[in-house]
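Okay, model-v1.json is below, JSON, C-alpha atoms:
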[["chain", "number", "residue", "atom", "x", "y", "z"],
["A", 1, "MET", "CA", -7.01, -65.92, 32.84],
["A", 2, "ALA", "CA", -10.02, -68.08, 32.15],
["A", 3, "ALA", "CA", -9.64, -71.22, 34.22],
["A", 4, "TYR", "CA", -8.67, -74.49, 32.62],
["A", 5, "ASN", "CA", -11.32, -77.15, 33.19],
["A", 6, "LYS", "CA", -10.48, -80.79, 32.67],
["A", 7, "PHE", "CA", -12.80, -83.42, 31.29],
["A", 8, "GLN", "CA", -12.29, -86.33, 33.65],
["A", 9, "ASP", "CA", -12.04, -88.89, 30.89],
["A", 10, "PHE", "CA", -9.04, -87.06, 29.45],
["A", 11, "VAL", "CA", -6.56, -88.44, 31.97],
["A", 12, "GLU", "CA", -7.66, -91.99, 31.25],
["A", 13, "GLN", "CA", -7.32, -91.46, 27.51],
["A", 14, "LEU", "CA", -3.93, -89.89, 28.12],
["A", 15, "ALA", "CA", -2.78, -92.93, 30.03],
["A", 16, "LEU", "CA", -4.17, -95.15, 27.28],
["A", 17, "ALA", "CA", -1.90, -93.40, 24.77],
["A", 18, "LYS", "CA", -4.83, -91.94, 22.87],
["A", 19, "HIS", "CA", -3.30, -88.49, 22.54],
["A", 20, "ASP", "CA", -0.26, -87.42, 20.56],
["A", 21, "PHE", "CA", 0.38, -83.72, 21.08],
["A", 22, "SER", "CA", 3.43, -83.48, 18.86],
["A", 23, "ALA", "CA", 3.21, -81.33, 15.76],
["A", 24, "ALA", "CA", 3.39, -84.39, 13.57],
["A", 25, "GLY", "CA", 0.90, -86.20, 15.76],
["A", 26, "HIS", "CA", -2.77, -85.52, 16.32],
["A", 27, "VAL", "CA", -4.74, -82.43, 15.36],
["A", 28, "PHE", "CA", -6.29, -80.70, 18.32],
["A", 29, "ARG", "CA", -9.04, -78.17, 17.73],
["A", 30, "ILE", "CA", -11.07, -75.77, 19.77],
["A", 31, "TYR", "CA", -14.74, -75.29, 19.08],
["A", 32, "LEU", "CA", -17.42, -73.05, 20.52],
["A", 33, "SER", "CA", -20.39, -74.29, 22.51],
["A", 34, "ASN", "CA", -23.31, -72.82, 24.35],
["A", 35, "ALA", "CA", -24.05, -76.04, 26.22],
["A", 36, "VAL", "CA", -22.82, -76.38, 29.78],
["A", 37, "PRO", "CA", -19.95, -78.89, 29.86],
["A", 38, "SER", "CA", -19.93, -81.75, 32.33],
["A", 39, "ALA", "CA", -16.51, -82.75, 33.61],
["A", 40, "SER", "CA", -17.72, -86.22, 34.51],
["A", 41, "LEU", "CA", -20.26, -87.00, 31.79],
["A", 42, "ASP", "CA", -18.76, -85.50, 28.65],
["A", 43, "ALA", "CA", -16.01, -87.57, 27.11],
["A", 44, "VAL", "CA", -16.19, -87.08, 23.35],
["A", 45, "LYS", "CA", -17.15, -84.18, 21.13],
["A", 46, "ALA", "CA", -20.52, -85.69, 20.34],
["A", 47, "ASP", "CA", -21.42, -85.34, 24.02],
["A", 48, "LEU", "CA", -21.18, -81.57, 23.95],
["A", 49, "ALA", "CA", -23.07, -79.61, 21.32],
["A", 50, "GLU", "CA", -21.23, -77.23, 19.04],
["A", 51, "ILE", "CA", -22.72, -74.01, 17.73],
["A", 52, "ALA", "CA", -23.91, -74.03, 14.14],
["A", 53, "GLY", "CA", -21.34, -73.53, 11.44],
["A", 54, "GLY", "CA", -21.51, -70.54, 9.15],
["A", 55, "ASN", "CA", -20.87, -66.80, 9.10],
["A", 56, "GLY", "CA", -17.17, -67.33, 9.63],
["A", 57, "TYR", "CA", -17.42, -70.13, 12.12],
["A", 58, "THR", "CA", -16.18, -73.46, 10.82],
["A", 59, "ALA", "CA", -18.00, -76.51, 12.12],
["A", 60, "ALA", "CA", -15.54, -78.71, 14.03],
["A", 61, "GLY", "CA", -13.66, -75.63, 15.17],
["A", 62, "GLU", "CA", -10.13, -74.55, 14.43],
["A", 63, "ASP", "CA", -6.78, -76.27, 14.57],
["A", 64, "VAL", "CA", -4.68, -74.96, 17.46],
["A", 65, "GLN", "CA", -1.53, -76.13, 15.68],
["A", 66, "ASN", "CA", -0.33, -77.99, 18.74],
["A", 67, "THR", "CA", 3.31, -78.72, 19.36],
["A", 68, "LEU", "CA", 5.10, -80.60, 22.12],
["A", 69, "ALA", "CA", 8.48, -79.98, 23.71],
["A", 70, "GLU", "CA", 10.17, -81.44, 26.76],
["A", 71, "ALA", "CA", 12.73, -79.83, 29.05],
["A", 72, "SER", "CA", 13.93, -80.84, 32.50],
["A", 73, "GLY", "CA", 11.19, -83.37, 32.94],
["A", 74, "THR", "CA", 8.32, -81.11, 31.93],
["A", 75, "ALA", "CA", 6.51, -81.59, 28.65],
["A", 76, "THR", "CA", 4.87, -78.42, 27.35],
["A", 77, "ILE", "CA", 2.04, -78.46, 24.87],
["A", 78, "THR", "CA", 1.72, -75.20, 22.99],
["A", 79, "GLY", "CA", -0.90, -73.85, 20.64],
["A", 80, "THR", "CA", -1.48, -70.90, 18.36],
["A", 81, "LYS", "CA", -4.20, -68.38, 19.08],
["A", 82, "VAL", "CA", -7.45, -68.74, 17.19],
["A", 83, "VAL", "CA", -9.48, -65.85, 15.82],
["A", 84, "TRP", "CA", -13.03, -66.01, 14.54],
["A", 85, "THR", "CA", -14.59, -63.18, 12.58],
["A", 86, "ALA", "CA", -18.33, -62.94, 12.05],
["A", 87, "ALA", "CA", -18.98, -62.40, 8.36],
["A", 88, "GLY", "CA", -22.33, -62.29, 6.63],
["A", 89, "GLY", "CA", -24.20, -62.92, 9.86],
["A", 90, "THR", "CA", -23.76, -63.52, 13.55],
["A", 91, "ILE", "CA", -21.78, -66.23, 15.33],
["A", 92, "GLY", "CA", -23.24, -67.71, 18.46],
["A", 93, "PRO", "CA", -24.44, -67.38, 21.07],
["A", 94, "PHE", "CA", -21.65, -69.31, 22.73],
["A", 95, "GLN", "CA", -20.08, -69.36, 26.16],
["A", 96, "TYR", "CA", -17.55, -72.19, 26.19],
["A", 97, "VAL", "CA", -14.34, -72.91, 24.32],
["A", 98, "ILE", "CA", -13.77, -76.65, 24.04],
["A", 99, "LEU", "CA", -10.49, -78.39, 23.23],
["A", 100, "TYR", "CA", -10.55, -81.87, 21.72],
["A", 101, "ASN", "CA", -8.51, -84.34, 19.73],
["A", 102, "ASP", "CA", -9.85, -84.34, 16.19],
["A", 103, "THR", "CA", -7.60, -87.14, 14.96],
["A", 104, "GLN", "CA", -8.32, -89.89, 17.43],
["A", 105, "THR", "CA", -11.00, -92.29, 16.24],
["A", 106, "SER", "CA", -11.22, -94.64, 19.22],
["A", 107, "PRO", "CA", -12.86, -92.97, 20.97],
["A", 108, "VAL", "CA", -13.97, -90.52, 18.33],
["A", 109, "ASP", "CA", -12.88, -86.95, 19.03],
["A", 110, "PRO", "CA", -12.08, -87.28, 22.74],
["A", 111, "LEU", "CA", -12.44, -84.11, 24.78],
["A", 112, "MET", "CA", -9.56, -82.63, 26.70],
["A", 113, "SER", "CA", -10.59, -79.41, 28.41],
["A", 114, "TRP", "CA", -12.76, -76.32, 28.28],
["A", 115, "TRP", "CA", -12.71, -72.66, 29.24],
["A", 116, "ASP", "CA", -15.69, -70.58, 30.28],
["A", 117, "TYR", "CA", -16.26, -67.10, 28.83],
["A", 118, "ALA", "CA", -18.67, -66.62, 31.77],
["A", 119, "SER", "CA", -21.65, -65.39, 29.75],
["A", 120, "ALA", "CA", -23.28, -66.10, 26.42],
["A", 121, "LEU", "CA", -21.74, -64.06, 23.63],
["A", 122, "THR", "CA", -22.97, -63.39, 20.11],
["A", 123, "LEU", "CA", -20.58, -61.91, 17.58],
["A", 124, "GLN", "CA", -22.15, -59.35, 15.29],
["A", 125, "ILE", "CA", -20.95, -58.90, 11.72],
["A", 126, "GLY", "CA", -17.38, -57.68, 11.65],
["A", 127, "GLU", "CA", -16.66, -58.59, 15.26],
["A", 128, "THR", "CA", -13.91, -60.97, 16.28],
["A", 129, "PHE", "CA", -13.34, -63.45, 19.07],
["A", 130, "THR", "CA", -9.77, -64.41, 19.87],
["A", 131, "VAL", "CA", -8.61, -67.22, 22.13],
["A", 132, "LYS", "CA", -5.04, -66.86, 23.36],
["A", 133, "PHE", "CA", -3.30, -69.63, 25.22],
["A", 134, "ASN", "CA", -1.60, -68.44, 28.42],
["A", 135, "ASN", "CA", -1.53, -64.92, 27.00],
["A", 136, "GLY", "CA", 0.90, -66.01, 24.31],
["A", 137, "ASP", "CA", 0.76, -64.19, 21.01],
["A", 138, "PRO", "CA", 0.55, -65.96, 18.71],
["A", 139, "THR", "CA", 1.63, -69.14, 20.54],
["A", 140, "GLY", "CA", 1.21, -70.03, 24.18],
["A", 141, "THR", "CA", 1.05, -72.96, 26.56],
["A", 142, "ILE", "CA", -2.05, -75.12, 26.43],
["A", 143, "ALA", "CA", -0.90, -77.51, 29.14],
["A", 144, "THR", "CA", 2.13, -78.97, 30.84],
["A", 145, "ILE", "CA", 2.85, -82.50, 31.98],
["A", 146, "ALA", "CA", 5.40, -82.74, 34.76],
["B", 1, "MET", "CA", -15.66, -88.67, -6.55],
["B", 2, "ALA", "CA", -12.34, -89.83, -7.85],
["B", 3, "GLU", "CA", -12.49, -88.13, -11.24],
["B", 4, "ALA", "CA", -10.46, -84.96, -11.61],
["B", 5, "ARG", "CA", -12.55, -81.85, -11.91],
["B", 6, "LYS", "CA", -11.62, -78.38, -12.98],
["B", 7, "CYS", "CA", -12.92, -75.31, -11.25],
["B", 8, "PRO", "CA", -14.54, -72.91, -13.73],
["B", 9, "CYS", "CA", -12.38, -70.10, -12.39],
["B", 10, "PRO", "CA", -9.85, -68.37, -14.67],
["B", 11, "LEU", "CA", -7.06, -69.89, -12.64],
["B", 12, "GLU", "CA", -8.22, -73.35, -13.70],
["B", 13, "GLY", "CA", -7.67, -74.85, -10.30],
["B", 14, "GLU", "CA", -8.35, -78.44, -9.42],
["B", 15, "VAL", "CA", -11.45, -79.24, -7.43],
["B", 16, "VAL", "CA", -10.42, -80.84, -4.17],
["B", 17, "ILE", "CA", -12.59, -82.60, -1.61],
["B", 18, "VAL", "CA", -11.28, -82.70, 1.92],
["B", 19, "GLN", "CA", -12.75, -83.78, 5.21],
["B", 20, "VAL", "CA", -13.02, -81.02, 7.77],
["B", 21, "GLY", "CA", -13.27, -82.42, 11.27],
["B", 22, "SER", "CA", -15.25, -85.58, 11.77],
["B", 23, "SER", "CA", -18.50, -84.68, 10.11],
["B", 24, "HIS", "CA", -17.96, -82.08, 7.39],
["B", 25, "PHE", "CA", -16.60, -82.21, 3.91],
["B", 26, "GLN", "CA", -15.34, -79.29, 1.95],
["B", 27, "VAL", "CA", -15.07, -78.86, -1.77],
["B", 28, "THR", "CA", -12.53, -76.24, -2.68],
["B", 29, "CYS", "CA", -10.60, -74.95, -5.65],
["B", 30, "SER", "CA", -6.86, -75.41, -5.37],
["B", 31, "LYS", "CA", -6.26, -71.91, -6.72],
["B", 32, "CYS", "CA", -9.21, -69.60, -6.17],
["B", 33, "VAL", "CA", -11.24, -68.84, -3.06],
["B", 34, "ALA", "CA", -14.32, -70.80, -4.00],
["B", 35, "ALA", "CA", -15.40, -73.37, -1.45],
["B", 36, "ILE", "CA", -18.48, -75.22, -0.35],
["B", 37, "SER", "CA", -19.04, -77.57, 2.54],
["B", 38, "SER", "CA", -21.66, -80.00, 3.64],
["B", 39, "ASN", "CA", -22.17, -83.03, 5.81],
["B", 40, "THR", "CA", -21.26, -85.52, 3.12],
["B", 41, "PRO", "CA", -18.82, -85.31, 0.21],
["B", 42, "GLU", "CA", -21.64, -86.10, -2.19],
["B", 43, "ALA", "CA", -23.80, -83.26, -0.90],
["B", 44, "ALA", "CA", -20.89, -80.84, -0.95],
["B", 45, "LEU", "CA", -20.08, -81.79, -4.51],
["B", 46, "GLN", "CA", -23.72, -81.48, -5.50],
["B", 47, "ILE", "CA", -23.88, -77.95, -4.14],
["B", 48, "TRP", "CA", -20.59, -77.16, -5.79],
["B", 49, "ASN", "CA", -21.85, -78.32, -9.16],
["B", 50, "ARG", "CA", -25.01, -76.30, -8.77],
["B", 51, "VAL", "CA", -23.44, -73.02, -7.84],
["B", 52, "THR", "CA", -20.41, -73.21, -10.07],
["B", 53, "ALA", "CA", -22.44, -73.92, -13.17],
["B", 54, "ARG", "CA", -21.68, -70.39, -14.26],
["B", 55, "SER", "CA", -18.13, -69.47, -15.03],
["B", 56, "LEU", "CA", -16.31, -67.12, -12.70],
["B", 57, "ASN", "CA", -14.79, -63.84, -13.73],
["B", 58, "GLU", "CA", -11.19, -63.09, -12.96],
["B", 59, "CYS", "CA", -12.21, -60.48, -10.44],
["B", 60, "CYS", "CA", -14.37, -63.01, -8.60],
["B", 61, "VAL", "CA", -11.43, -65.07, -7.43],
["B", 62, "VAL", "CA", -9.63, -62.21, -5.68],
["B", 63, "PRO", "CA", -10.43, -62.39, -1.94],
["B", 64, "GLU", "CA", -10.38, -58.61, -1.58],
["B", 65, "ASN", "CA", -13.22, -58.33, -4.08],
["B", 66, "ILE", "CA", -15.57, -60.50, -2.09],
["B", 67, "GLU", "CA", -18.08, -58.23, -0.47],
["B", 68, "THR", "CA", -21.32, -59.84, 0.56],
["B", 69, "ARG", "CA", -22.13, -63.20, 1.92],
["B", 70, "ILE", "CA", -25.67, -64.44, 2.15],
["B", 71, "ILE", "CA", -26.37, -67.35, 4.42],
["B", 72, "LEU", "CA", -29.11, -69.52, 3.09],
["B", 73, "PRO", "CA", -31.27, -71.76, 5.26],
["B", 74, "SER", "CA", -29.14, -74.63, 4.08],
["B", 75, "MET", "CA", -26.17, -72.87, 5.65],
["B", 76, "ASP", "CA", -24.53, -72.42, 2.28],
["B", 77, "ALA", "CA", -22.83, -69.11, 1.88],
["B", 78, "ILE", "CA", -22.89, -67.14, -1.32],
["B", 79, "ALA", "CA", -20.49, -64.31, -1.92],
["B", 80, "ARG", "CA", -20.77, -61.44, -4.34],
["B", 81, "CYS", "CA", -17.92, -59.87, -6.19],
["B", 82, "ARG", "CA", -17.83, -56.14, -5.67],
["B", 83, "VAL", "CA", -16.19, -55.59, -9.06],
["B", 84, "CYS", "CA", -18.67, -57.21, -11.41],
["B", 85, "GLN", "CA", -21.60, -57.23, -8.99],
["B", 86, "THR", "CA", -23.70, -59.62, -10.98],
["B", 87, "ARG", "CA", -21.52, -62.57, -10.26],
["B", 88, "ARG", "CA", -21.95, -64.82, -7.33],
["B", 89, "LEU", "CA", -19.62, -67.57, -6.39],
["B", 90, "PRO", "CA", -19.80, -70.19, -3.73],
["B", 91, "LEU", "CA", -18.04, -69.64, -0.51],
["B", 92, "GLY", "CA", -18.56, -72.38, 1.99],
["B", 93, "MET", "CA", -19.05, -71.66, 5.61],
["B", 94, "GLN", "CA", -15.75, -73.41, 6.02],
["B", 95, "ALA", "CA", -13.92, -71.26, 3.53],
["B", 96, "GLY", "CA", -10.49, -70.30, 4.63],
["B", 97, "LEU", "CA", -11.30, -66.80, 3.53],
["B", 98, "LEU", "CA", -13.70, -66.48, 6.40],
["B", 99, "HIS", "CA", -11.44, -67.91, 9.03],
["B", 100, "GLY", "CA", -9.05, -65.82, 11.01],
["B", 101, "ASP", "CA", -8.86, -62.17, 11.75],
["B", 102, "GLN", "CA", -10.81, -60.52, 8.94],
["B", 103, "ARG", "CA", -11.31, -57.13, 10.55],
["B", 104, "LYS", "CA", -12.49, -54.18, 8.56],
["B", 105, "ASP", "CA", -9.91, -51.56, 7.69],
["B", 106, "CYS", "CA", -11.11, -49.15, 10.36],
["B", 107, "CYS", "CA", -10.78, -51.88, 12.98],
["B", 108, "LYS", "CA", -7.17, -52.51, 11.97],
["B", 109, "GLU", "CA", -6.15, -48.96, 12.87],
["B", 110, "ALA", "CA", -4.89, -49.01, 16.43],
["B", 111, "GLY", "CA", -5.90, -45.36, 16.82],
["B", 112, "ASN", "CA", -9.53, -46.26, 16.20],
["B", 113, "LEU", "CA", -9.64, -48.85, 18.94],
["B", 114, "GLU", "CA", -10.60, -48.23, 22.52],
["B", 115, "ARG", "CA", -9.31, -50.99, 24.75],
["B", 116, "VAL", "CA", -11.50, -52.07, 27.65],
["B", 117, "GLN", "CA", -10.13, -54.51, 30.21],
["B", 118, "VAL", "CA", -13.38, -56.13, 31.25],
["B", 119, "ARG", "CA", -11.81, -58.85, 33.38],
["B", 120, "PRO", "CA", -8.26, -60.02, 33.96],
["B", 121, "ASP", "CA", -8.80, -62.63, 31.27],
["B", 122, "LEU", "CA", -10.88, -60.54, 28.88],
["B", 123, "VAL", "CA", -10.03, -57.53, 26.78],
["B", 124, "ILE", "CA", -12.43, -55.91, 24.32],
["B", 125, "ASP", "CA", -11.22, -53.52, 21.66],
["B", 126, "VAL", "CA", -14.08, -51.35, 20.48],
["B", 127, "CYS", "CA", -13.75, -49.56, 17.16],
["B", 128, "ARG", "CA", -14.70, -45.91, 17.47],
["B", 129, "LYS", "CA", -15.56, -45.76, 13.78],
["B", 130, "CYS", "CA", -17.90, -48.70, 13.34],
["B", 131, "GLY", "CA", -18.60, -49.86, 16.88],
["B", 132, "CYS", "CA", -17.38, -53.39, 16.27],
["B", 133, "ARG", "CA", -16.14, -55.24, 19.32],
["B", 134, "HIS", "CA", -13.07, -57.44, 19.26],
["B", 135, "PHE", "CA", -12.97, -59.89, 22.12],
["B", 136, "GLU", "CA", -9.72, -61.39, 23.34],
["B", 137, "LEU", "CA", -9.99, -64.19, 25.87],
["B", 138, "THR", "CA", -6.82, -65.41, 27.53],
["B", 139, "VAL", "CA", -7.05, -68.97, 28.75],
["B", 140, "ASP", "CA", -5.16, -70.66, 31.55],
["B", 141, "PRO", "CA", -2.94, -73.65, 30.76],
["B", 142, "GLY", "CA", -3.69, -77.05, 32.24],
["B", 143, "ARG", "CA", -1.24, -78.95, 34.39],
["B", 144, "VAL", "CA", -0.88, -82.71, 34.53],
["B", 145, "LYS", "CA", 1.31, -83.73, 37.44],
["B", 146, "THR", "CA", 2.97, -86.97, 38.35],
["B", 147, "GLU", "CA", 4.14, -87.05, 41.96],
["B", 148, "GLY", "CA", 7.40, -88.39, 43.27],
["B", 149, "ALA", "CA", 11.07, -87.62, 43.11],
["B", 150, "SER", "CA", 12.76, -87.51, 39.75],
["B", 151, "ALA", "CA", 16.07, -89.22, 39.38]]
Take the structure in this file and express it as structure tokens.
Amino acid sequence: MAAYNKFQDFVEQLALAKHDFSAAGHVFRIYLSNAVPSASLDAVKADLAEIAGGNGYTAAGEDVQNTLAEASGTATITGTKVVWTAAGGTIGPFQYVILYNDTQTSPVDPLMSWWDYASALTLQIGETFTVKFNNGDPTGTIATIA
Amino acid sequence: MAEARKCPCPLEGEVVIVQVGSSHFQVTCSKCVAAISSNTPEAALQIWNRVTARSLNECCVVPENIETRIILPSMDAIARCRVCQTRRLPLGMQAGLLHGDQRKDCCKEAGNLERVQVRPDLVIDVCRKCGCRHFELTVDPGRVKTEGASA
């Protein structure tokens, strides 16, 4: 699976109670980027450019429909797979899938993690790009806290 | 902004303005597929008013009838109804219609797809009919650990 990469600021924001992963809590989204993420320098969405909206790609990305459950001392954050379809034109190029908190306003849209597709990809009309969490279909684990 | 507006569609839906993410606003009809988005609610509404000046036919509000989308330099998207042809209706780049798995019919047939496992984390289904590629990236979960014995 594509490796999980942590933005360093995420753990501080987590400890500062800036993230609520429960279904009734904050909305977490993934967006597509073609800019190389920096684990140490990028902290909020504005730090890391998103691809242009249009042709089936929604600016700000898509809601992962996060939920949170705890069992035996491990909290599991799950999400639902996201599918983009290029319609009316191309989407991209993009290489990175970025996860962030779209609800938090202080700081605004703090980043959580990213995954690397490993090369720049452009979706042609009719093509789809699916992101599945931990190979779950449609829902899978985004992260665990133990 | 606050005044209630009616969409000109036959379904007579209410015009709704919602914020999408931190920097985009979407104007949508509560009943039909029409939608427009922009960076400010005022701009989105302005575009909406411009492109919905003409009334919409009944066929134009059926998602299956939407055939062509033209992306303008402004990033607005205009869709054409395949039934009446002459009609155009606004479809924002944020329109729910465009989100999700909107594969063509040939790409939905499992028999038409050739699965290629490019990497352990990447599968591409290629449609033998149209050549479209369908990428599926599986992503690893993160782990936040606190050390120490649990009681």
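Of the listed residues (A:Gly61, A:Gly53, A:Gly126, A:Gly136), A:Gly61 comes nearest to Asp109 in chain A; the distances count all atoms listed in the file.
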Next item on the list: At a cut-off of 6 Å, list the chain A residues touching chain B, using only C-alpha atoms, as a list in words.
Entry: Met1, Ala2, Ala3, Tyr4, Gly54, Gly56, Thr58, Ala60, Val83, Trp84, Thr85, Gly88, Glu127, Thr128, Phe129, Thr130, Val131, Lys132, Phe133, Asn134, Asn135, Thr141, Ile142, Ala143, Thr144, Ile145 and Ala146 of chain A
Note to self: Between CA of Phe7 in chain A and CA of Asn34 in chain A, what is the distance in Å, rounded to a tenth?
What the structure shows: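 CA of Asn34 in chain A lies at a distance of 16.5 Å from CA of Phe7 in chain A.
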Margin query: List the spatial neighbours of Gly92 in chain A as a list in words - criterion: any atom at most 8 Å away, all atoms listed in the file, same-chain residues fewer than 4 positions off excluded.
Written below: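 Once the nearby chain positions are removed, what remains is Asn34, Ile51, Ala52, Leu121, Thr122 and Leu123 of chain A.
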Item checked: All residues 7 Å or closer to Val27 in chain A, only C-alpha atoms, same chain fewer than 6 positions away omitted, as a VMD selection string -> chain A and resid 63 101 to 103
Notebook entry, point to check: What is the distance, in Å and to one decimal place, between CA of Asn5 in chain A and CA of Leu48 in chain A?
Noted result: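 Between CA of Asn5 in chain A and CA of Leu48 in chain A the gap is 14.2 Å.
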Check: Do you know which residues are at most 6 Å from range 94-96 of chain A counting all atoms listed in the file, after dropping those on the same chain fewer than 3 positions away, and could you put them as a count of residues only?
Finding: 9
Margin query: Report, in Å to a single decimal, how far apart CA of Gln26 in chain B and CA of Pro107 in chain A are.
Written below: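 Going from CA of Pro107 in chain A over to CA of Gln26 in chain B, I get 23.6 Å.
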Note to self: I'd like the contact shell of Leu41 in chain A - 12 Å cut-off, all atoms listed in the file, skipping same-chain residues fewer than 6 positions apart - returned as JSON, numbers by chain.
What the structure shows: {"A": [6, 7, 8, 9, 10, 47, 48, 111]}
Notebook entry, point to check: Using only C-alpha atoms, which of A:Ala49, A:Val97, A:Ala35, A:Ala71 sits nearest Met112 in chain A?
Noted result: A:Val97
